[in-house]
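Trainee: Sharing protein25.csv (CSV, C-alpha atoms) below.
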```csv
chain,number,residue,atom,x,y,z
P,1,MET,CA,-36.4,20.4,-25.4
P,2,LYS,CA,-32.7,21.3,-26.0
P,3,GLY,CA,-29.9,18.7,-26.0
P,4,LEU,CA,-28.8,18.5,-22.3
P,5,ASP,CA,-32.3,19.2,-21.0
P,6,ALA,CA,-33.5,16.1,-23.0
P,7,LEU,CA,-30.7,14.0,-21.5
P,8,PHE,CA,-31.6,15.2,-18.0
P,9,TYR,CA,-35.2,14.5,-18.6
P,10,TRP,CA,-34.5,11.0,-20.0
P,11,LEU,CA,-32.4,10.2,-16.9
P,12,ALA,CA,-35.1,11.6,-14.6
P,13,VAL,CA,-37.6,9.3,-16.1
P,14,ASN,CA,-35.5,6.2,-16.9
P,15,PHE,CA,-32.6,5.8,-14.5
P,16,THR,CA,-34.7,3.9,-12.0
P,17,GLY,CA,-33.6,2.6,-8.6
P,18,GLU,CA,-33.3,-0.9,-10.0
P,19,ARG,CA,-30.9,0.3,-12.7
P,20,TYR,CA,-28.9,2.3,-10.2
P,21,LEU,CA,-28.6,-0.8,-7.9
P,22,PHE,CA,-27.4,-3.0,-10.7
P,23,TYR,CA,-24.7,-0.6,-11.9
P,24,THR,CA,-23.6,0.1,-8.4
P,25,LYS,CA,-23.1,-3.5,-7.7
P,26,VAL,CA,-21.1,-4.0,-11.0
P,27,GLN,CA,-19.0,-0.9,-10.2
P,28,GLY,CA,-18.6,-1.9,-6.6
P,29,LEU,CA,-17.2,-5.3,-7.6
P,30,LEU,CA,-14.9,-3.8,-10.2
P,31,TRP,CA,-13.3,-1.2,-7.9
P,32,SER,CA,-13.2,-3.6,-4.9
P,33,LEU,CA,-11.2,-6.0,-7.1
P,34,ALA,CA,-8.9,-3.2,-8.1
P,35,ASP,CA,-8.5,-2.2,-4.5
P,36,ILE,CA,-7.7,-5.8,-3.4
P,37,ILE,CA,-5.0,-6.0,-6.1
P,38,LEU,CA,-3.5,-2.7,-5.4
P,39,VAL,CA,-3.3,-3.2,-1.6
P,40,PHE,CA,-1.9,-6.7,-2.2
P,41,ALA,CA,0.8,-5.3,-4.6
P,42,LEU,CA,1.7,-2.6,-2.0
P,43,LEU,CA,2.0,-5.1,0.8
P,44,LYS,CA,4.2,-7.4,-1.5
P,45,LEU,CA,6.3,-4.3,-2.4
P,46,ALA,CA,6.7,-3.4,1.2
P,47,ASP,CA,7.6,-7.1,2.0
P,48,ALA,CA,10.2,-7.2,-0.7
P,49,ILE,CA,11.9,-4.1,0.7
P,50,ARG,CA,11.7,-5.4,4.3
P,51,LYS,CA,13.4,-8.7,3.2
P,52,ALA,CA,16.1,-6.7,1.4
P,53,ALA,CA,16.7,-4.9,4.8
P,54,GLY,CA,16.6,-8.1,6.8
P,55,ARG,CA,13.3,-7.3,8.5
P,56,LYS,CA,10.3,-9.5,9.3
P,57,THR,CA,7.5,-9.8,6.8
P,58,ILE,CA,4.0,-8.4,7.1
P,59,LYS,CA,1.3,-10.7,8.5
P,60,ILE,CA,-1.7,-9.1,10.0
P,61,ARG,CA,-2.4,-6.7,7.1
P,62,TYR,CA,-2.6,-9.6,4.7
P,63,GLY,CA,-5.2,-11.1,7.0
P,64,LEU,CA,-7.2,-7.9,7.1
P,65,LEU,CA,-7.0,-7.7,3.3
P,66,LEU,CA,-8.3,-11.3,3.0
P,67,PHE,CA,-11.1,-10.5,5.4
P,68,SER,CA,-12.1,-7.5,3.2
P,69,ALA,CA,-11.9,-9.7,0.1
P,70,LEU,CA,-14.3,-12.2,1.7
P,71,LEU,CA,-16.8,-9.4,2.5
P,72,THR,CA,-16.8,-8.1,-1.1
P,73,PRO,CA,-19.2,-10.8,-2.6
P,74,LEU,CA,-21.8,-9.6,-0.1
P,75,LEU,CA,-22.4,-6.7,-2.5
P,76,ILE,CA,-24.2,-9.1,-4.9
P,77,PRO,CA,-27.3,-9.9,-2.7
P,78,ALA,CA,-27.5,-6.4,-1.4
P,79,ARG,CA,-31.1,-5.0,-1.7
P,80,SER,CA,-30.8,-1.3,-1.4
P,81,PRO,CA,-28.2,1.5,-1.9
P,82,GLU,CA,-27.9,1.9,1.9
P,83,HIS,CA,-27.1,-1.8,2.2
P,84,ILE,CA,-24.4,-1.5,-0.5
P,85,PHE,CA,-23.0,1.7,1.1
P,86,PHE,CA,-22.7,-0.1,4.4
P,87,ILE,CA,-20.8,-3.1,2.9
P,88,GLU,CA,-18.6,-0.7,0.9
P,89,SER,CA,-17.9,1.2,4.1
P,90,LEU,CA,-16.6,-1.9,5.7
P,91,VAL,CA,-14.7,-3.2,2.7
P,92,CYS,CA,-13.2,0.1,1.5
P,93,GLY,CA,-12.7,1.3,5.1
P,94,LEU,CA,-10.5,-1.7,5.9
P,95,GLN,CA,-8.6,-1.4,2.7
P,96,PHE,CA,-8.0,2.3,3.1
P,97,LEU,CA,-6.8,1.7,6.7
P,98,ILE,CA,-4.3,-0.9,5.4
P,99,LEU,CA,-3.1,1.4,2.6
P,100,ALA,CA,-2.7,4.5,4.9
P,101,SER,CA,-1.1,2.5,7.7
P,102,THR,CA,1.3,0.8,5.2
P,103,LEU,CA,2.3,4.1,3.7
P,104,ALA,CA,2.9,5.6,7.1
P,105,SER,CA,4.9,2.6,8.5
P,106,GLU,CA,6.8,1.6,5.3
P,107,SER,CA,7.7,4.9,3.6
P,108,ARG,CA,10.8,5.3,5.7
P,109,GLY,CA,12.0,1.8,4.7
P,110,VAL,CA,11.2,2.5,1.1
P,111,MET,CA,13.2,5.8,1.1
P,112,GLU,CA,16.1,4.1,2.8
P,113,TYR,CA,16.0,1.3,0.2
P,114,LEU,CA,16.0,3.8,-2.7
P,115,ALA,CA,18.7,6.0,-1.0
P,116,ASN,CA,20.9,2.9,-0.8
P,117,LYS,CA,20.4,2.3,-4.5
P,118,THR,CA,21.2,5.9,-5.5
P,119,ALA,CA,24.1,6.0,-3.1
P,120,ARG,CA,25.8,3.5,-5.4
P,121,PHE,CA,25.8,6.1,-8.1
P,122,ASP,CA,27.7,8.5,-6.0
P,123,ARG,CA,30.5,6.0,-5.7
P,124,GLY,CA,30.7,5.7,-9.5
P,125,PRO,CA,29.4,3.0,-11.9
P,126,ALA,CA,29.4,-0.7,-10.8
P,127,PRO,CA,32.2,-2.9,-12.2
P,128,GLY,CA,31.4,-4.1,-15.8
P,129,ARG,CA,28.7,-1.5,-16.4
P,130,ALA,CA,29.5,0.9,-19.2
P,131,GLY,CA,29.2,4.7,-18.6
P,132,GLY,CA,28.1,6.6,-15.6
P,133,ARG,CA,26.6,9.9,-15.0
P,134,PRO,CA,29.3,12.6,-14.2
P,135,ASN,CA,26.9,14.5,-12.0
P,136,PRO,CA,25.2,12.2,-9.5
P,137,SER,CA,22.9,14.9,-8.0
P,138,PRO,CA,19.3,14.6,-8.7
P,139,PRO,CA,18.1,17.2,-11.2
P,140,ALA,CA,16.5,20.3,-9.9
P,141,GLU,CA,12.7,20.5,-10.2
P,142,THR,CA,10.2,23.3,-10.0
P,143,ARG,CA,7.9,22.7,-7.0
P,144,ARG,CA,4.2,22.5,-7.8
A,1,MET,CA,-27.0,6.3,14.2
A,2,ASP,CA,-29.0,8.1,11.5
A,3,PHE,CA,-27.9,6.8,8.0
A,4,ASP,CA,-27.3,10.3,6.8
A,5,VAL,CA,-24.9,11.0,9.6
A,6,PHE,CA,-23.1,7.7,9.1
A,7,ALA,CA,-22.8,8.4,5.3
A,8,LYS,CA,-21.3,11.9,6.1
A,9,ILE,CA,-18.8,10.4,8.5
A,10,MET,CA,-17.7,7.7,6.0
A,11,GLY,CA,-17.5,10.3,3.3
A,12,LEU,CA,-15.1,12.4,5.4
A,13,PHE,CA,-13.2,9.2,6.4
A,14,TRP,CA,-12.6,8.4,2.7
A,15,THR,CA,-11.6,12.0,2.0
A,16,LEU,CA,-9.1,11.9,4.9
A,17,ALA,CA,-7.7,8.5,4.0
A,18,GLU,CA,-7.2,9.4,0.3
A,19,GLY,CA,-5.7,12.8,1.2
A,20,SER,CA,-3.3,11.1,3.6
A,21,ILE,CA,-2.3,8.6,1.0
A,22,LEU,CA,-1.8,11.4,-1.6
A,23,LEU,CA,0.5,13.3,0.8
A,24,GLY,CA,2.4,10.2,1.7
A,25,LEU,CA,3.1,9.4,-2.0
A,26,ARG,CA,4.0,13.1,-2.6
A,27,ARG,CA,6.5,12.9,0.3
A,28,ILE,CA,8.2,9.9,-1.2
A,29,HIS,CA,8.3,11.6,-4.6
A,30,LEU,CA,9.8,14.7,-3.2
A,31,LYS,CA,12.4,12.7,-1.3
A,32,ILE,CA,13.5,10.9,-4.5
A,33,ARG,CA,13.5,14.1,-6.6
A,34,LEU,CA,14.8,16.7,-4.2
A,35,GLY,CA,16.4,14.7,-1.4
A,36,SER,CA,13.9,15.9,1.1
A,37,GLY,CA,10.4,14.8,1.8
A,38,SER,CA,9.5,17.8,3.8
A,39,GLN,CA,6.2,19.4,2.7
A,40,PRO,CA,4.9,21.7,5.5
A,41,TRP,CA,2.8,23.9,3.2
A,42,ALA,CA,1.1,20.8,1.6
A,43,LEU,CA,0.3,19.4,5.1
A,44,ALA,CA,-1.0,22.8,6.3
A,45,LEU,CA,-3.1,23.2,3.1
A,46,GLY,CA,-4.4,19.6,3.4
A,47,ALA,CA,-5.4,20.1,7.0
A,48,ALA,CA,-7.2,23.4,6.2
A,49,LEU,CA,-9.0,21.9,3.2
A,50,PHE,CA,-10.1,18.9,5.3
A,51,ILE,CA,-11.5,21.1,8.0
A,52,THR,CA,-13.3,23.2,5.4
A,53,LEU,CA,-14.7,20.1,3.7
A,54,SER,CA,-15.9,18.8,7.1
A,55,CYS,CA,-17.7,22.0,7.8
A,56,PHE,CA,-19.2,21.9,4.3
A,57,MET,CA,-20.3,18.3,4.7
A,58,PHE,CA,-22.3,19.0,7.9
A,59,ARG,CA,-23.3,22.7,7.4
A,60,GLY,CA,-23.0,23.2,3.6
A,61,GLU,CA,-26.7,23.1,2.7
A,62,PRO,CA,-28.0,25.6,5.4
A,63,TRP,CA,-25.2,28.0,4.4
A,64,ALA,CA,-25.7,27.7,0.7
A,65,ALA,CA,-29.5,28.0,1.2
A,66,SER,CA,-29.1,31.2,3.2
A,67,TRP,CA,-26.4,32.6,0.8
A,68,PHE,CA,-28.4,32.0,-2.3
A,69,ALA,CA,-31.8,32.6,-0.6
A,70,ILE,CA,-33.0,29.2,-1.6
A,71,ARG,CA,-36.3,28.2,0.0
A,72,ARG,CA,-38.3,25.9,-2.2
A,73,PRO,CA,-38.2,22.3,-1.1
A,74,VAL,CA,-37.2,21.1,-4.6
A,75,ASP,CA,-34.3,23.5,-4.7
A,76,LEU,CA,-33.2,22.5,-1.1
A,77,ASN,CA,-33.3,18.9,-2.3
A,78,PHE,CA,-31.1,19.9,-5.3
A,79,LEU,CA,-28.6,21.4,-2.8
A,80,GLN,CA,-28.5,18.2,-0.8
A,81,HIS,CA,-27.6,16.2,-3.9
A,82,ALA,CA,-25.2,18.9,-5.1
A,83,ARG,CA,-23.2,18.4,-1.8
A,84,TRP,CA,-22.8,14.7,-2.5
A,85,SER,CA,-22.0,15.4,-6.1
A,86,PHE,CA,-19.3,17.7,-5.0
A,87,PHE,CA,-17.7,15.1,-2.7
A,88,CYS,CA,-17.8,12.5,-5.6
A,89,ALA,CA,-15.9,15.1,-7.7
A,90,VAL,CA,-13.4,15.5,-4.9
A,91,TRP,CA,-12.8,11.7,-4.7
A,92,VAL,CA,-12.3,11.6,-8.5
A,93,LEU,CA,-9.7,14.4,-8.2
A,94,LEU,CA,-7.9,12.7,-5.2
A,95,GLU,CA,-7.8,9.3,-6.9
A,96,GLY,CA,-6.6,10.9,-10.1
A,97,LEU,CA,-3.8,12.7,-8.3
A,98,ILE,CA,-2.9,9.4,-6.5
A,99,MET,CA,-2.7,7.7,-9.8
A,100,ILE,CA,-0.4,10.5,-11.2
A,101,TYR,CA,2.0,10.1,-8.2
A,102,CYS,CA,2.0,6.3,-8.5
A,103,LEU,CA,2.9,6.6,-12.2
A,104,ARG,CA,5.7,9.1,-11.4
A,105,LEU,CA,7.1,6.9,-8.6
A,106,HIS,CA,7.0,3.8,-10.8
A,107,GLN,CA,9.0,5.7,-13.4
A,108,ALA,CA,11.5,6.8,-10.8
A,109,LEU,CA,11.8,3.3,-9.4
A,110,LYS,CA,12.4,1.8,-12.8
A,111,ALA,CA,15.2,4.3,-13.4
A,112,ILE,CA,16.8,3.7,-10.0
A,113,LEU,CA,16.7,-0.1,-10.2
A,114,ALA,CA,18.1,0.1,-13.8
A,115,GLY,CA,21.1,1.9,-12.4
A,116,ASN,CA,20.2,5.3,-13.6
A,117,LEU,CA,19.1,8.4,-11.7
A,118,PRO,CA,15.5,9.4,-12.1
A,119,ALA,CA,15.2,11.5,-15.2
A,120,PRO,CA,13.5,14.9,-15.3
A,121,GLU,CA,9.8,14.2,-15.2
A,122,GLY,CA,8.4,12.6,-18.3
A,123,LEU,CA,4.7,11.6,-18.4
A,124,PRO,CA,2.7,12.5,-16.4
A,125,GLY,CA,4.5,15.9,-16.2
A,126,PRO,CA,4.3,18.6,-13.5
A,127,ALA,CA,1.2,20.1,-15.2
A,128,ALA,CA,-0.8,16.9,-14.9
A,129,GLY,CA,-2.0,17.5,-11.4
A,130,PRO,CA,-3.2,21.1,-11.9
A,131,ALA,CA,-4.7,20.1,-15.3
A,132,LEU,CA,-6.7,17.3,-13.7
A,133,ALA,CA,-7.9,19.7,-10.9
A,134,MET,CA,-9.0,22.3,-13.5
A,135,LEU,CA,-10.7,19.7,-15.6
A,136,THR,CA,-12.6,18.2,-12.7
A,137,ALA,CA,-13.7,21.7,-11.5
A,138,VAL,CA,-14.9,22.7,-14.9
A,139,LEU,CA,-16.8,19.5,-15.5
A,140,PHE,CA,-18.4,19.6,-12.1
A,141,LEU,CA,-19.4,23.2,-12.3
A,142,GLY,CA,-20.7,22.6,-15.8
A,143,TYR,CA,-22.8,19.7,-14.6
A,144,LEU,CA,-24.2,21.7,-11.7
A,145,TYR,CA,-25.0,24.7,-14.0
A,146,PHE,CA,-26.9,22.6,-16.6
A,147,PHE,CA,-28.5,20.4,-14.0
A,148,TRP,CA,-29.8,23.4,-12.1
A,149,GLY,CA,-31.1,24.9,-15.3
A,150,ALA,CA,-32.9,21.7,-16.2
A,151,VAL,CA,-34.5,21.6,-12.8
A,152,GLN,CA,-35.9,25.1,-13.3
A,153,ARG,CA,-36.9,24.8,-16.9
A,154,LEU,CA,-38.4,21.3,-16.8
A,155,GLY,CA,-40.0,21.6,-13.3
A,156,LEU,CA,-38.2,18.5,-12.1
A,157,GLN,CA,-39.3,17.1,-8.7
A,158,PRO,CA,-37.1,15.6,-5.9
A,159,GLY,CA,-37.5,12.0,-7.3
A,160,HIS,CA,-36.2,13.2,-10.7
A,161,ILE,CA,-33.3,15.1,-9.1
A,162,HIS,CA,-32.5,11.9,-7.1
A,163,ARG,CA,-32.2,9.8,-10.2
A,164,ILE,CA,-30.1,12.3,-12.1
A,165,ALA,CA,-27.7,12.8,-9.2
A,166,PHE,CA,-27.4,9.0,-8.8
A,167,PHE,CA,-26.5,8.7,-12.5
A,168,TYR,CA,-23.8,11.3,-11.9
A,169,ILE,CA,-22.4,9.2,-9.1
A,170,ARG,CA,-22.2,6.2,-11.4
A,171,VAL,CA,-20.3,8.4,-14.0
A,172,CYS,CA,-17.8,9.3,-11.2
A,173,GLY,CA,-17.6,5.6,-10.5
A,174,VAL,CA,-16.3,5.0,-14.0
A,175,PHE,CA,-13.3,7.3,-13.2
A,176,TRP,CA,-12.8,5.7,-9.8
A,177,ILE,CA,-12.5,2.3,-11.4
A,178,LEU,CA,-10.2,3.5,-14.2
A,179,PHE,CA,-7.8,5.3,-11.8
A,180,GLU,CA,-7.8,2.4,-9.3
A,181,TRP,CA,-7.0,-0.2,-11.9
A,182,VAL,CA,-4.1,1.9,-13.2
A,183,VAL,CA,-2.8,2.2,-9.7
A,184,ALA,CA,-3.3,-1.6,-9.1
A,185,LEU,CA,-1.4,-2.5,-12.4
A,186,THR,CA,1.3,0.0,-11.6
A,187,GLY,CA,1.7,-1.5,-8.1
A,188,LEU,CA,2.0,-5.0,-9.6
A,189,ALA,CA,4.6,-3.8,-12.1
A,190,ALA,CA,6.6,-2.1,-9.3
A,191,TRP,CA,6.5,-5.3,-7.3
A,192,ARG,CA,7.7,-7.4,-10.3
A,193,LEU,CA,10.6,-4.9,-10.7
A,194,ILE,CA,11.8,-5.2,-7.2
A,195,LYS,CA,11.4,-9.0,-7.2
A,196,LYS,CA,13.6,-9.2,-10.3
A,197,VAL,CA,16.3,-6.9,-8.7
A,198,GLU,CA,16.3,-8.7,-5.4
A,199,GLY,CA,16.7,-12.1,-7.1
A,200,GLY,CA,13.2,-13.5,-6.7
A,201,ALA,CA,13.5,-13.6,-2.9
A,202,ALA,CA,10.6,-11.1,-2.8
```
As structure tokens - that is how I would like this structure written.
Mentor:
Amino acid sequence: MKGLDALFYWLAVNFTGERYLFYTKVQGLLWSLADIILVFALLKLADAIRKAAGRKTIKIRYGLLLFSALLTPLLIPARSPEHIFFIESLVCGLQFLILASTLASESRGVMEYLANKTARFDRGPAPGRAGGRPNPSPPAETRR
Amino acid sequence: MDFDVFAKIMGLFWTLAEGSILLGLRRIHLKIRLGSGSQPWALALGAALFITLSCFMFRGEPWAASWFAIRRPVDLNFLQHARWSFFCAVWVLLEGLIMIYCLRLHQALKAILAGNLPAPEGLPGPAAGPALAMLTAVLFLGYLYFFWGAVQRLGLQPGHIHRIAFFYIRVCGVFWILFEWVVALTGLAAWRLIKKVEGGAA
């Protein structure tokens, strides 16, 4: 039996349902934790930019994130791949909704915030700061 | 609702959500680099790809079976798993591209908040996205080719195919975790940057 055929055969015989369930739970917890952190970081980023613009801070989305975080430990007692899939659908579904809605609602504010920062370059360097770029236009870029 | 239908709908939801996030990040990146976030071709291509993927999700197996004249139950079972393996590869690619854009945006944000203009792209450079797409395609097609060969040569049955396909999903999971942690840590770093600039009020 050649190299890869031997690997496939070994997997076919040894990668049992119990092993799959165990590794799925471990991975599910790891990526759910990453998702919670990245959604939290994005919300805090958006909040920081809202505060700089004098707008109200986000509230409901933090609540939804907390709810999804509370659901995550339900992966541990899950008894089947279908059960895990259903929990992940709820948890990741909520988190993706928060991510996509935050991007949609906050991207204009982010771009205005960054535009304000770069507009200062057009007026010349800030007092006390050495140097300054002579050409403030962003460099040209080849589109992908 | 049948679990298979529910799984397909959720699979398409994740694809749509990740695709939307990717296009959103690309829009911000284009705005910073070129002054305009307009991307009509990317939006049209994204919509066309999503419609194609939706058709493939619900009708892919009957079409592939008819196209390749596949009739044996074990081969049809392989096709069903190949469909899910394909979507796992799509999610690896989407999350990898999201990670690339997050890293680029973080670099641009660092430059802007330090009082500089965003430099011409450093790492990951403009070739990173296409390179990731090519690598994902090559690895996925290689996996399918050798897996199919093993099914024919070793006479594997549906239970065996199921186990191998599920191992492949766990391999994809390693990449999902890696990319998501990079994005999470990049997000935290970006928040820290803005907090510092805005005087800790954030």
Trainee: Each residue of chain P lying at most 6 Å from chain A should get a row with its shortest atom-to-atom pair and the distance in Å to one decimal, counting only C-alpha atoms; could you produce that, ordered by chain and increasing number, as a tab-separated table?
Mentor:
```
residue	atom	partner	partner_atom	distance
P:Asp5	CA	A:Ala150	CA	5.4
P:Leu11	CA	A:Ile164	CA	5.7
P:Ala12	CA	A:His160	CA	4.4
P:Phe15	CA	A:Arg163	CA	5.9
P:Trp31	CA	A:Ile177	CA	5.0
P:Ala34	CA	A:Trp181	CA	5.2
P:Ile37	CA	A:Ala184	CA	5.6
P:Leu38	CA	A:Ala184	CA	3.9
P:Ala41	CA	A:Leu188	CA	5.2
P:Leu45	CA	A:Trp191	CA	5.0
P:Ala48	CA	A:Ala202	CA	4.4
P:Ala100	CA	A:Ile21	CA	5.7
```
Trainee: State, in Å with one decimal place, the distance from atom CA of P:Leu97 to atom CA of A:Leu94.
Mentor: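 Atom CA of A:Leu94 lies 16.2 Å from atom CA of P:Leu97.
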Trainee: Mind giving me the straight-line distance from atom CA of A:Pro40 to atom CA of P:Tyr113 in Å, one decimal?
Mentor: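 These two atoms are separated by 23.8 Å.
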Trainee: Quick one, how far is atom CA of P:Ile87 from atom CA of A:Met99?
Mentor: 24.6 Å
Trainee: Residues within 10 Å of P:Phe22, please, as a VMD selection string. Count only C-alpha atoms; anything in the same chain fewer than 4 positions from it doesn't count.
Mentor: chain P and resid 17 to 18 26 to 28 76 78 to 79 81
Trainee: Please identify all polymer residues lying at most 10 Å from the point (-12.5, -1.8, 1.1) (file coordinates), using all atoms listed in the file, and present the result as a ChimeraX atom specification.
Mentor: /P:28,31-36,39,65,67-69,71-72,87-98
Trainee: Compare P:Leu30, P:Leu99, P:Ile49, P:Leu21 by their minimum atom-to-atom distance to P:Met111, counting all atoms listed in the file, and give me the closest one.
Mentor: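 Answer, going by the shortest atom-to-atom distance: P:Ile49.
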